[in-house]
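Below: structure-v8.cif (mmCIF, C-alpha atoms (C1' of nucleotides))
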data_query
#
loop_
_atom_site.label_atom_id
_atom_site.label_comp_id
_atom_site.auth_asym_id
_atom_site.auth_seq_id
_atom_site.Cartn_x
_atom_site.Cartn_y
_atom_site.Cartn_z
CA MET A 5 113.27 105.61 79.07
CA GLU A 6 115.57 108.13 80.64
CA PRO A 7 115.77 111.72 79.41
CA LYS A 8 119.34 111.51 80.67
CA THR A 9 120.01 115.07 81.64
CA LYS A 10 123.48 116.20 80.82
CA ARG A 11 125.85 115.93 83.67
CA ARG A 12 125.37 118.37 86.48
CA ALA A 13 128.78 119.27 87.77
CA SER A 14 129.24 120.62 91.22
CA ILE A 15 128.30 124.25 91.58
CA GLY A 16 130.78 124.67 94.35
CA ALA A 17 130.66 124.22 98.05
CA ARG A 18 126.89 124.19 98.29
CA ARG A 19 124.07 121.84 97.66
CA SER A 20 122.84 121.80 94.11
CA PRO A 21 119.13 122.58 93.88
CA GLU A 22 119.09 121.03 90.44
CA THR A 23 120.36 117.75 91.76
CA GLU A 24 117.91 117.80 94.60
CA ALA A 25 115.02 118.40 92.24
CA ALA A 26 116.24 115.77 89.81
CA VAL A 27 116.53 113.16 92.54
CA LYS A 28 113.09 113.86 93.94
CA ALA A 29 111.55 113.85 90.49
CA ALA A 30 113.24 110.59 89.58
CA ALA A 31 112.11 109.02 92.82
CA ARG A 32 108.50 110.09 92.28
CA GLU A 33 108.56 108.85 88.74
CA LEU A 34 110.07 105.53 89.65
CA LEU A 35 107.53 104.99 92.40
CA ALA A 36 104.69 105.91 90.11
CA GLU A 37 105.91 103.47 87.51
CA LYS A 38 106.95 100.49 89.49
CA GLY A 39 105.65 100.99 92.98
CA TYR A 40 107.62 100.37 96.09
CA ALA A 41 108.63 96.94 94.88
CA GLY A 42 110.76 98.25 92.05
CA PHE A 43 112.23 101.11 93.99
CA SER A 44 115.96 101.29 94.54
CA ILE A 45 118.42 104.04 95.26
CA GLU A 46 120.51 102.64 92.47
CA GLU A 47 117.76 103.20 89.94
CA VAL A 48 116.90 106.63 91.29
CA ALA A 49 120.53 107.62 90.84
CA ARG A 50 120.57 106.28 87.30
CA ARG A 51 117.46 108.19 86.30
CA ALA A 52 118.41 111.37 88.03
CA GLY A 53 121.84 111.25 86.44
CA ALA A 54 123.16 111.61 89.95
CA GLY A 55 125.79 109.76 91.89
CA LYS A 56 124.77 107.39 94.63
CA PRO A 57 127.07 109.11 97.09
CA THR A 58 125.24 112.34 96.43
CA ILE A 59 121.93 110.75 97.29
CA TYR A 60 123.29 109.10 100.38
CA ARG A 61 124.79 112.38 101.44
CA TRP A 62 121.46 114.17 101.51
CA TRP A 63 119.03 111.36 102.26
CA PRO A 64 120.80 108.90 104.52
CA SER A 65 117.94 106.41 104.42
CA LYS A 66 115.13 105.48 102.12
CA ALA A 67 112.71 106.79 104.71
CA ASP A 68 114.24 110.25 104.49
CA LEU A 69 113.78 110.26 100.76
CA PHE A 70 110.19 109.10 101.08
CA ILE A 71 109.34 111.75 103.59
CA ALA A 72 110.94 114.37 101.38
CA ILE A 73 108.90 113.44 98.32
CA TYR A 74 105.66 113.00 100.22
CA GLY A 75 106.25 116.62 100.92
CA ALA A 76 103.91 119.34 101.88
CA ASP A 77 101.65 118.46 98.97
CA LYS A 78 99.14 116.83 101.20
CA ASP A 79 98.23 119.93 103.14
CA ALA A 80 98.04 121.81 99.89
CA ALA A 81 95.94 119.19 98.13
CA ILE A 82 93.51 118.49 100.92
CA PRO A 83 91.56 121.32 102.47
CA VAL A 84 90.35 120.89 106.01
CA PRO A 85 86.60 121.38 105.82
CA ASP A 86 84.56 123.12 108.48
CA THR A 87 80.91 122.33 107.92
CA GLY A 88 79.90 122.49 111.54
CA SER A 89 79.51 118.72 111.74
CA LEU A 90 82.33 116.27 112.39
CA ARG A 91 80.57 113.64 110.37
CA ASP A 92 80.46 115.79 107.26
CA ASP A 93 83.96 117.14 107.78
CA LEU A 94 85.40 113.67 108.12
CA LEU A 95 83.57 112.34 105.12
CA LEU A 96 84.83 115.14 102.90
CA TYR A 97 88.35 114.98 104.22
CA THR A 98 88.60 111.21 104.02
CA LYS A 99 87.34 111.14 100.45
CA ASP A 100 89.89 113.76 99.50
CA LEU A 101 92.64 111.88 101.29
CA TRP A 102 91.81 108.65 99.52
CA ARG A 103 91.70 110.43 96.20
CA PHE A 104 95.09 111.95 96.96
CA TRP A 105 96.47 108.52 97.79
CA ARG A 106 94.96 107.05 94.65
CA GLU A 107 95.87 109.68 92.12
CA ASP A 108 99.16 111.02 93.31
CA THR A 109 102.29 108.99 93.91
CA ALA A 110 101.54 109.77 97.52
CA GLY A 111 99.79 106.51 98.30
CA ARG A 112 102.73 104.47 97.11
CA VAL A 113 105.15 106.66 98.99
CA PHE A 114 103.14 106.27 102.15
CA ARG A 115 102.84 102.51 101.80
CA GLY A 116 106.56 102.33 101.16
CA LEU A 117 107.31 104.35 104.23
CA ILE A 118 105.24 102.06 106.42
CA ALA A 119 106.83 98.99 104.88
CA GLU A 120 110.26 100.47 105.41
CA ALA A 121 109.42 101.14 109.04
CA GLN A 122 108.97 97.42 109.56
CA THR A 123 112.57 96.68 108.60
CA SER A 124 114.39 99.75 109.84
CA GLU A 125 114.50 101.28 113.29
CA GLY A 126 115.34 104.66 111.87
CA ALA A 127 112.41 104.60 109.49
CA LEU A 128 110.06 103.64 112.30
CA ALA A 129 111.28 106.51 114.42
CA ALA A 130 110.93 108.93 111.53
CA LEU A 131 107.42 107.69 110.89
CA ARG A 132 106.31 107.92 114.50
CA PHE A 133 107.99 111.07 115.66
CA LYS A 134 108.30 113.18 112.57
CA PHE A 135 105.97 112.17 109.80
CA MET A 136 102.85 111.30 111.77
CA PRO A 137 102.73 114.30 114.09
CA GLU A 138 103.22 116.64 111.16
CA ARG A 139 100.69 114.96 108.92
CA LEU A 140 98.06 114.53 111.60
CA ALA A 141 98.05 118.16 112.62
CA SER A 142 95.56 119.07 109.91
CA PRO A 143 92.95 116.38 110.41
CA ARG A 144 93.24 116.82 114.14
CA LYS A 145 91.72 120.26 113.74
CA MET A 146 88.42 118.74 112.72
CA PHE A 147 88.23 116.69 115.88
CA LEU A 148 89.31 119.64 117.96
CA ARG A 149 86.56 121.83 116.58
CA ALA A 150 84.00 119.10 117.10
CA ALA A 151 85.01 118.85 120.75
CA GLU A 152 84.69 122.61 121.05
CA ARG A 153 81.19 122.31 119.68
CA SER A 154 80.61 119.72 122.43
CA GLU A 155 80.01 116.89 120.00
CA PHE A 156 82.09 114.84 122.42
CA PRO A 157 84.34 115.39 125.46
CA ALA A 158 87.72 116.97 124.81
CA ASP A 159 89.62 114.03 126.28
CA GLU A 160 88.40 111.84 123.45
CA ILE A 161 90.01 113.88 120.70
CA ASP A 162 93.13 111.81 120.25
CA ASP A 163 91.44 108.46 120.73
CA ARG A 164 88.95 109.28 118.02
CA LEU A 165 91.67 110.64 115.80
CA GLU A 166 93.65 107.43 116.17
CA LEU A 167 90.69 105.26 115.37
CA TRP A 168 90.20 107.26 112.22
CA VAL A 169 93.90 106.95 111.39
CA GLY A 170 93.89 103.19 111.89
CA PHE A 171 90.90 102.88 109.65
CA ASN A 172 92.69 104.79 106.91
CA TRP A 173 95.88 102.79 107.29
CA LEU A 174 93.96 99.57 106.99
CA HIS A 175 92.46 100.71 103.73
CA VAL A 176 95.60 102.07 102.14
CA LEU A 177 97.69 99.05 103.15
CA THR A 178 95.20 96.63 101.70
CA ASP A 179 94.78 98.74 98.59
CA ARG A 180 91.11 99.43 99.11
CA LEU A 181 90.76 103.10 98.33
CA SER A 182 87.99 102.98 95.80
CA GLU A 183 85.96 106.08 95.17
CA ASP A 184 82.70 104.61 96.30
CA GLU A 185 83.67 102.38 99.17
CA PRO A 186 80.16 101.75 100.43
CA SER A 187 81.12 101.26 104.06
CA LEU A 188 82.89 104.60 104.30
CA PRO A 189 79.96 106.74 105.47
CA HIS A 190 78.90 104.12 107.99
CA LYS A 191 82.32 103.87 109.52
CA ILE A 192 82.72 107.61 109.63
CA ALA A 193 79.36 107.87 111.32
CA LEU A 194 80.44 105.35 113.93
CA LEU A 195 83.44 107.50 114.76
CA CYS A 196 81.17 110.45 115.47
CA ARG A 197 78.86 108.91 118.03
CA MET B 28 124.99 79.27 115.85
CA GLU B 29 123.51 76.49 113.80
CA PRO B 30 122.83 73.04 115.30
CA LYS B 31 123.39 71.86 111.73
CA THR B 32 121.23 68.80 111.51
CA LYS B 33 122.79 66.06 109.52
CA ARG B 34 121.70 65.99 105.98
CA ARG B 35 118.15 64.92 105.36
CA ALA B 36 118.06 62.95 102.17
CA SER B 37 114.90 62.60 100.16
CA ILE B 38 112.41 60.15 101.58
CA GLY B 39 111.08 59.40 98.17
CA ALA B 40 108.28 60.83 96.16
CA ARG B 41 106.61 62.65 99.00
CA ARG B 42 107.14 65.76 100.97
CA SER B 43 109.45 65.36 103.92
CA PRO B 44 107.77 66.33 107.21
CA GLU B 45 111.17 66.70 108.81
CA THR B 46 112.22 69.25 106.26
CA GLU B 47 108.99 71.13 106.59
CA ALA B 48 109.35 71.29 110.36
CA ALA B 49 113.00 72.28 110.15
CA VAL B 50 112.25 75.10 107.72
CA LYS B 51 109.41 76.46 109.79
CA ALA B 52 111.46 76.25 112.97
CA ALA B 53 114.42 77.97 111.38
CA ALA B 54 112.18 80.70 110.01
CA ARG B 55 110.58 81.33 113.41
CA GLU B 56 113.95 81.39 115.08
CA LEU B 57 115.45 83.75 112.57
CA LEU B 58 112.51 86.12 112.82
CA ALA B 59 112.65 86.08 116.59
CA GLU B 60 116.34 86.87 116.53
CA LYS B 61 116.65 89.44 113.82
CA GLY B 62 113.15 90.54 112.99
CA TYR B 63 111.85 91.01 109.51
CA ALA B 64 114.86 93.07 108.56
CA GLY B 65 117.33 90.21 108.84
CA PHE B 66 115.06 87.65 107.29
CA SER B 67 116.10 85.93 104.09
CA ILE B 68 115.26 82.65 102.41
CA GLU B 69 118.97 82.10 102.03
CA GLU B 70 119.52 82.23 105.79
CA VAL B 71 116.49 80.09 106.53
CA ALA B 72 117.85 77.44 104.19
CA ARG B 73 121.26 77.60 105.83
CA ARG B 74 119.84 77.14 109.31
CA ALA B 75 117.37 74.48 108.37
CA GLY B 76 120.04 72.55 106.52
CA ALA B 77 117.68 72.61 103.60
CA GLY B 78 118.14 73.46 99.98
CA LYS B 79 116.77 76.70 98.65
CA PRO B 80 114.95 74.92 95.84
CA THR B 81 113.14 72.86 98.43
CA ILE B 82 111.90 75.97 100.15
CA TYR B 83 110.86 77.60 96.91
CA ARG B 84 109.05 74.42 95.96
CA TRP B 85 106.80 74.46 99.00
CA TRP B 86 106.59 78.13 99.81
CA PRO B 87 106.76 80.02 96.53
CA SER B 88 106.83 83.41 98.22
CA LYS B 89 107.92 84.87 101.49
CA ALA B 90 104.30 85.57 102.26
CA ASP B 91 103.44 81.89 102.05
CA LEU B 92 106.15 81.08 104.53
CA PHE B 93 104.96 83.83 106.84
CA ILE B 94 101.42 82.62 106.75
CA ALA B 95 102.55 79.08 107.41
CA ILE B 96 104.53 80.00 110.51
CA TYR B 97 101.94 82.40 111.85
CA GLY B 98 99.92 79.25 111.90
CA ALA B 99 96.96 78.29 113.94
CA ASP B 100 98.71 79.32 117.13
CA LYS B 101 96.69 82.44 117.41
CA ASP B 102 93.36 80.75 117.82
CA ALA B 103 94.92 78.42 120.35
CA ALA B 104 96.66 81.19 122.26
CA ILE B 105 93.79 83.64 122.37
CA PRO B 106 90.44 82.56 123.74
CA VAL B 107 87.36 84.42 122.56
CA PRO B 108 85.73 85.71 125.73
CA ASP B 109 81.99 85.86 126.24
CA THR B 110 81.26 88.09 129.18
CA GLY B 111 77.92 89.37 127.95
CA SER B 112 79.37 92.78 127.14
CA LEU B 113 81.21 93.71 123.96
CA ARG B 114 83.27 96.23 125.83
CA ASP B 115 84.65 93.66 128.24
CA ASP B 116 85.07 91.03 125.55
CA LEU B 117 87.04 93.38 123.34
CA LEU B 118 89.23 94.57 126.15
CA LEU B 119 90.18 91.06 127.16
CA TYR B 120 90.70 89.88 123.62
CA THR B 121 92.72 92.90 122.57
CA LYS B 122 95.01 92.64 125.57
CA ASP B 123 95.60 88.97 124.81
CA LEU B 124 96.22 89.73 121.18
CA TRP B 125 98.77 92.39 121.99
CA ARG B 126 100.49 90.09 124.43
CA PHE B 127 100.59 87.41 121.76
CA TRP B 128 102.12 89.86 119.33
CA ARG B 129 104.64 91.02 121.90
CA GLU B 130 105.77 87.70 123.30
CA ASP B 131 105.57 85.32 120.43
CA THR B 132 107.36 85.70 117.10
CA ALA B 133 103.87 86.37 115.83
CA GLY B 134 104.06 90.14 115.95
CA ARG B 135 107.16 90.18 113.79
CA VAL B 136 105.69 87.70 111.40
CA PHE B 137 102.58 89.78 111.05
CA ARG B 138 104.46 92.99 110.51
CA GLY B 139 106.60 91.22 107.94
CA LEU B 140 103.57 89.99 106.11
CA ILE B 141 102.06 93.44 105.89
CA ALA B 142 105.36 94.89 104.71
CA GLU B 143 105.67 92.16 102.13
CA ALA B 144 102.18 92.93 100.88
CA GLN B 145 103.36 96.41 99.98
CA THR B 146 105.96 95.07 97.56
CA SER B 147 104.29 91.97 96.22
CA GLU B 148 100.93 91.53 94.56
CA GLY B 149 100.80 87.91 95.59
CA ALA B 150 101.45 88.74 99.21
CA LEU B 151 98.73 91.36 99.17
CA ALA B 152 96.26 88.91 97.75
CA ALA B 153 97.22 86.30 100.32
CA LEU B 154 96.85 88.84 103.09
CA ARG B 155 93.45 90.08 101.95
CA PHE B 156 91.79 86.94 100.79
CA LYS B 157 93.33 84.21 102.87
CA PHE B 158 95.00 85.46 105.99
CA MET B 159 92.57 88.16 107.06
CA PRO B 160 89.31 86.27 106.62
CA GLU B 161 90.73 83.32 108.52
CA ARG B 162 92.17 85.34 111.33
CA LEU B 163 89.19 87.62 111.73
CA ALA B 164 86.70 84.82 112.10
CA SER B 165 87.35 84.52 115.82
CA PRO B 166 87.14 88.16 116.88
CA ARG B 167 84.13 88.59 114.62
CA LYS B 168 82.20 86.29 116.92
CA MET B 169 82.33 88.86 119.68
CA PHE B 170 80.76 91.49 117.47
CA LEU B 171 78.21 89.03 116.20
CA ARG B 172 77.10 88.11 119.70
CA ALA B 173 76.90 91.75 120.69
CA ALA B 174 74.61 92.41 117.77
CA GLU B 175 72.48 89.47 118.78
CA ARG B 176 72.20 91.02 122.23
CA SER B 177 71.05 94.18 120.44
CA GLU B 178 74.01 96.22 121.57
CA PHE B 179 73.97 97.61 118.04
CA PRO B 180 72.28 96.88 114.68
CA ALA B 181 73.45 93.79 112.84
CA ASP B 182 74.48 95.76 109.76
CA GLU B 183 77.18 97.46 111.77
CA ILE B 184 79.04 94.26 112.61
CA ASP B 185 81.67 94.45 109.92
CA ASP B 186 82.18 98.18 110.10
CA ARG B 187 82.87 97.99 113.80
CA LEU B 188 85.09 94.98 113.30
CA GLU B 189 87.13 96.86 110.71
CA LEU B 190 87.54 99.88 112.91
CA TRP B 191 88.86 97.60 115.61
CA VAL B 192 91.19 95.91 113.13
CA GLY B 193 92.57 99.21 111.88
CA PHE B 194 93.20 100.31 115.41
CA ASN B 195 95.21 97.15 116.07
CA TRP B 196 97.16 97.44 112.85
CA LEU B 197 98.11 100.98 113.67
CA HIS B 198 99.49 99.88 117.00
CA VAL B 199 101.39 96.84 115.82
CA LEU B 200 102.88 98.68 112.83
CA THR B 201 104.13 101.52 114.97
CA ASP B 202 105.39 99.13 117.63
CA ARG B 203 103.13 100.40 120.36
CA LEU B 204 101.86 97.28 122.05
CA SER B 205 102.74 98.02 125.63
CA GLU B 206 100.93 96.18 128.37
CA ASP B 207 99.39 99.27 129.88
CA GLU B 208 98.57 101.42 126.92
CA PRO B 209 96.41 103.95 128.73
CA SER B 210 94.24 104.82 125.78
CA LEU B 211 93.22 101.25 125.13
CA PRO B 212 90.08 101.12 127.30
CA HIS B 213 88.94 104.48 126.01
CA LYS B 214 89.27 103.47 122.41
CA ILE B 215 87.58 100.15 123.01
CA ALA B 216 84.74 101.94 124.72
CA LEU B 217 84.36 104.23 121.73
CA LEU B 218 83.93 101.23 119.48
CA CYS B 219 81.05 99.99 121.62
CA ARG B 220 78.80 103.00 121.51
"C1'" DG C 25 113.34 47.04 87.95
"C1'" DT C 26 111.82 50.98 86.47
"C1'" DT C 27 109.69 55.26 87.02
"C1'" DG C 28 109.08 59.42 89.23
"C1'" DA C 29 109.01 62.74 92.74
"C1'" DT C 30 111.79 64.28 96.43
"C1'" DC C 31 115.96 65.72 98.73
"C1'" DT C 32 120.68 68.67 99.24
"C1'" DA C 33 124.57 70.85 97.28
"C1'" DA C 34 126.58 73.94 94.28
"C1'" DA C 35 126.72 77.29 91.13
"C1'" DC C 36 124.49 80.68 87.97
"C1'" DG C 37 123.45 85.65 86.35
"C1'" DG C 38 121.51 89.55 88.07
"C1'" DA C 39 120.18 93.29 91.31
"C1'" DC C 40 121.06 96.20 95.25
"C1'" DC C 41 123.21 97.59 99.11
"C1'" DG C 42 126.19 101.18 101.37
"C1'" DT C 43 130.99 102.77 101.00
"C1'" DT C 44 135.25 104.38 99.11
"C1'" DT C 45 138.25 106.43 95.81
"C1'" DC C 46 138.98 109.67 92.32
"C1'" DG C 47 139.30 113.74 89.44
"C1'" DT C 48 136.45 117.86 88.57
"C1'" DT C 49 134.18 122.21 89.57
"C1'" DA C 50 132.80 126.12 91.76
"C1'" DT C 51 132.32 129.02 96.24
"C1'" DG C 52 133.99 131.84 99.88
"C1'" DT C 53 137.96 133.44 102.36
"C1'" DC C 54 142.28 135.32 102.99
"C1'" DG D 2 144.91 135.89 92.81
"C1'" DA D 3 145.65 131.70 95.51
"C1'" DC D 4 143.69 128.22 98.26
"C1'" DA D 5 141.16 125.45 101.27
"C1'" DT D 6 136.58 123.60 101.26
"C1'" DA D 7 132.75 121.16 99.87
"C1'" DA D 8 129.72 119.29 96.52
"C1'" DC D 9 129.48 116.77 92.14
"C1'" DG D 10 129.35 112.22 89.16
"C1'" DA D 11 131.75 107.98 87.69
"C1'" DA D 12 133.45 103.78 88.80
"C1'" DA D 13 134.48 100.14 91.47
"C1'" DC D 14 134.60 97.79 96.03
"C1'" DG D 15 132.96 93.56 98.89
"C1'" DG D 16 128.90 91.85 100.33
"C1'" DT D 17 124.03 89.81 100.44
"C1'" DC D 18 120.16 88.03 98.49
"C1'" DC D 19 117.26 86.80 94.73
"C1'" DG D 20 115.11 82.99 91.97
"C1'" DT D 21 116.73 79.31 88.85
"C1'" DT D 22 119.30 75.51 87.09
"C1'" DT D 23 122.02 71.35 87.13
"C1'" DA D 24 123.44 67.20 89.17
"C1'" DG D 25 123.63 63.14 91.96
"C1'" DA D 26 121.44 60.51 95.67
"C1'" DT D 27 117.33 58.50 97.97
"C1'" DC D 28 113.21 56.17 98.43
"C1'" DA D 29 108.07 54.88 97.37
"C1'" DA D 30 104.89 53.07 94.27
"C1'" DC D 31 103.88 50.34 90.51
#

Translate the structure described by the file into structure tokens.
Amino acid sequence: MEPKTKRRASIGARRSPETEAAVKAAARELLAEKGYAGFSIEEVARRAGAGKPTIYRWWPSKADLFIAIYGADKDAAIPVPDTGSLRDDLLLYTKDLWRFWREDTAGRVFRGLIAEAQTSEGALAALRFKFMPERLASPRKMFLRAAERSEFPADEIDDRLELWVGFNWLHVLTDRLSEDEPSLPHKIALLCR
Amino acid sequence: MEPKTKRRASIGARRSPETEAAVKAAARELLAEKGYAGFSIEEVARRAGAGKPTIYRWWPSKADLFIAIYGADKDAAIPVPDTGSLRDDLLLYTKDLWRFWREDTAGRVFRGLIAEAQTSEGALAALRFKFMPERLASPRKMFLRAAERSEFPADEIDDRLELWVGFNWLHVLTDRLSEDEPSLPHKIALLCR
DNA sequence: GTTGATCTAAACGGACCGTTTCGTTATGTC
DNA sequence: GACATAACGAAACGGTCCGTTTAGATCAAC
């Protein structure tokens, strides 16, 4: 089950990139295999062949580790379309997002982060003030452009964005991310009135 | 800290209402005090002066206990308005709902249930197929009546309802339920176009 | 009376938590 | 070249909670 890398000794008074990579990889793998339920720092350490203190040194909370492995992949994996219509942009982007959540470990990471935020103040703060603003920057562009095209008033940008976000959260948290969710186009259309 | 009821012996071959009440009360109390983070079956049993096996007998999972203590209070606490306008109905209902989530233990219970659903298949199923349909019956009436008044086509009822639900989830999960959330009327209005 | 389901208490093995201690290893500085 | 510094993994700490099992006591129904 575990490739059990040979021991990585310290490389001196600096952080070991190998260890960092091994921990992130083990965390991803573990999440992919067992989901958030079977996720523990203990097990991550075992698989990574790392010491728990090492993990706690660099990722003081589970939320930090989650955020780290969610990574910048999302922006890379999901292009922000610009078709000239918010409706079409949103449909494309949302389908890509759902695919990303389905196929990558990302969906599980994200669900875990939200769950964690319900039990930990620190995780909630990280979610609200770090993770969300960063991750919403991309999709926000679509709404911004639509407002510039006068599809709706500029002061509605963030309200519409949040409605779209809530809609996505609802689906990911209830594990309804199927490819051909029939209501998707309708709901998207509603957000573009 | 614990009133420590005197031991409740078995009352024979039927479920003890006293025990049931004591467990629910202890669970509410514990959630109110410590939130979902500090919630454990162990502690509930301690406070209720009940045996853990008794709790596991009647509430096989945490989710079951959550659902039981969320109870029918919501329908009692939150009237479904009928002003003749979806916009006004939704605004009133949403404000009441947020107040309910803020003031009662309910908000914490709900957040706990959603978090639990991310780690447990059973909890997710309970949330999707039992809790949500039951709890959404009331607010759905507002959308239904609006469609009957031809405020929008009848086939949009559930899509609009879900957008509203997602919006509420987003706020409760990020702990943004303040009385005077300025964006609330705007977002509600958007849902009524 | 007997049967049977319920109750609490107590203890079980197991999993994690987050921390501390320890000996090792390499870096950067003097 | 010597040395403080900092990161590394292993092991163990005390603690909490899980879900289950065993046991003895209670009471209702038959």

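Using all atoms listed in the file, the chain B residues found within 12 Å of chain D amount to Arg34, Arg35, Ala36, Ser37, Ile38, Gly39, Ala40, Arg41, Arg42, Ser43, Gly65, Phe66, Ser67, Ile68, Glu69, Glu70, Val71, Lys79, Pro80, Ile82, Tyr83, Arg84, Pro87, Ser88 and Lys89 of chain B.
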
Let's have the selection written as a short mmCIF file (atom, residue, chain, number, x, y, z; two decimals), keeping the file's coordinate frame, with C-alpha atoms.
data_model
loop_
_atom_site.label_atom_id
_atom_site.label_comp_id
_atom_site.auth_asym_id
_atom_site.auth_seq_id
_atom_site.Cartn_x
_atom_site.Cartn_y
_atom_site.Cartn_z
CA ARG B 34 121.70 65.99 105.98
CA ARG B 35 118.15 64.92 105.36
CA ALA B 36 118.06 62.95 102.17
CA SER B 37 114.90 62.60 100.16
CA ILE B 38 112.41 60.15 101.58
CA GLY B 39 111.08 59.40 98.17
CA ALA B 40 108.28 60.83 96.16
CA ARG B 41 106.61 62.65 99.00
CA ARG B 42 107.14 65.76 100.97
CA SER B 43 109.45 65.36 103.92
CA GLY B 65 117.33 90.21 108.84
CA PHE B 66 115.06 87.65 107.29
CA SER B 67 116.10 85.93 104.09
CA ILE B 68 115.26 82.65 102.41
CA GLU B 69 118.97 82.10 102.03
CA GLU B 70 119.52 82.23 105.79
CA VAL B 71 116.49 80.09 106.53
CA LYS B 79 116.77 76.70 98.65
CA PRO B 80 114.95 74.92 95.84
CA ILE B 82 111.90 75.97 100.15
CA TYR B 83 110.86 77.60 96.91
CA ARG B 84 109.05 74.42 95.96
CA PRO B 87 106.76 80.02 96.53
CA SER B 88 106.83 83.41 98.22
CA LYS B 89 107.92 84.87 101.49
#

Just say which residues the PyMOL selection byres ((chain B) within 10 of (chain A)) picks in this file, as a ChimeraX atom specification. /B:61-66,135,138-148,151-152,154-155,182-183,185-187,189-202,210-215,217-220

Show me, as a list in words, the residues of chain C whose atoms get within 6 Å of chain B, using only C-alpha atoms (C1' of nucleotides) for the distance check. DA29, DT30, DC31 and DT32 of chain C

Separation of atom CA of Tyr74 of chain A and atom CA of Val113 of chain A, in Å?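 Interatomic distance here is 6.5 Å.
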
d(atom CA of Ala53 of chain B, atom CA of Ala75 of chain B) in Å: 5.5 Å

As a check of understanding, name the residues that the PyMOL selection byres ((chain A and resi 85-88) around 9) selects in the supplied structure, as a list in words.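 Evaluating the PyMOL selection byres ((chain A and resi 85-88) around 9) on this file yields Ile82, Pro83, Val84, Ser89, Leu90, Arg91, Asp92, Asp93, Leu94, Leu96, Tyr97, Met146, Arg149, Ala150 and Arg153 of chain A.
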
Can you work out the spacing between atom CA of Leu165 of chain A and atom CA of Glu183 of chain A in Å, to one decimal?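 Atom-to-atom, atom CA of Leu165 of chain A and atom CA of Glu183 of chain A are spaced 21.9 Å apart.
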
Might you spell out which residues the PyMOL selection byres ((chain B and resi 127) around 12) would select in the displayed file, as a PyMOL selection string? chain B and resi 97+100-106+120-126+128-137+199+204-206
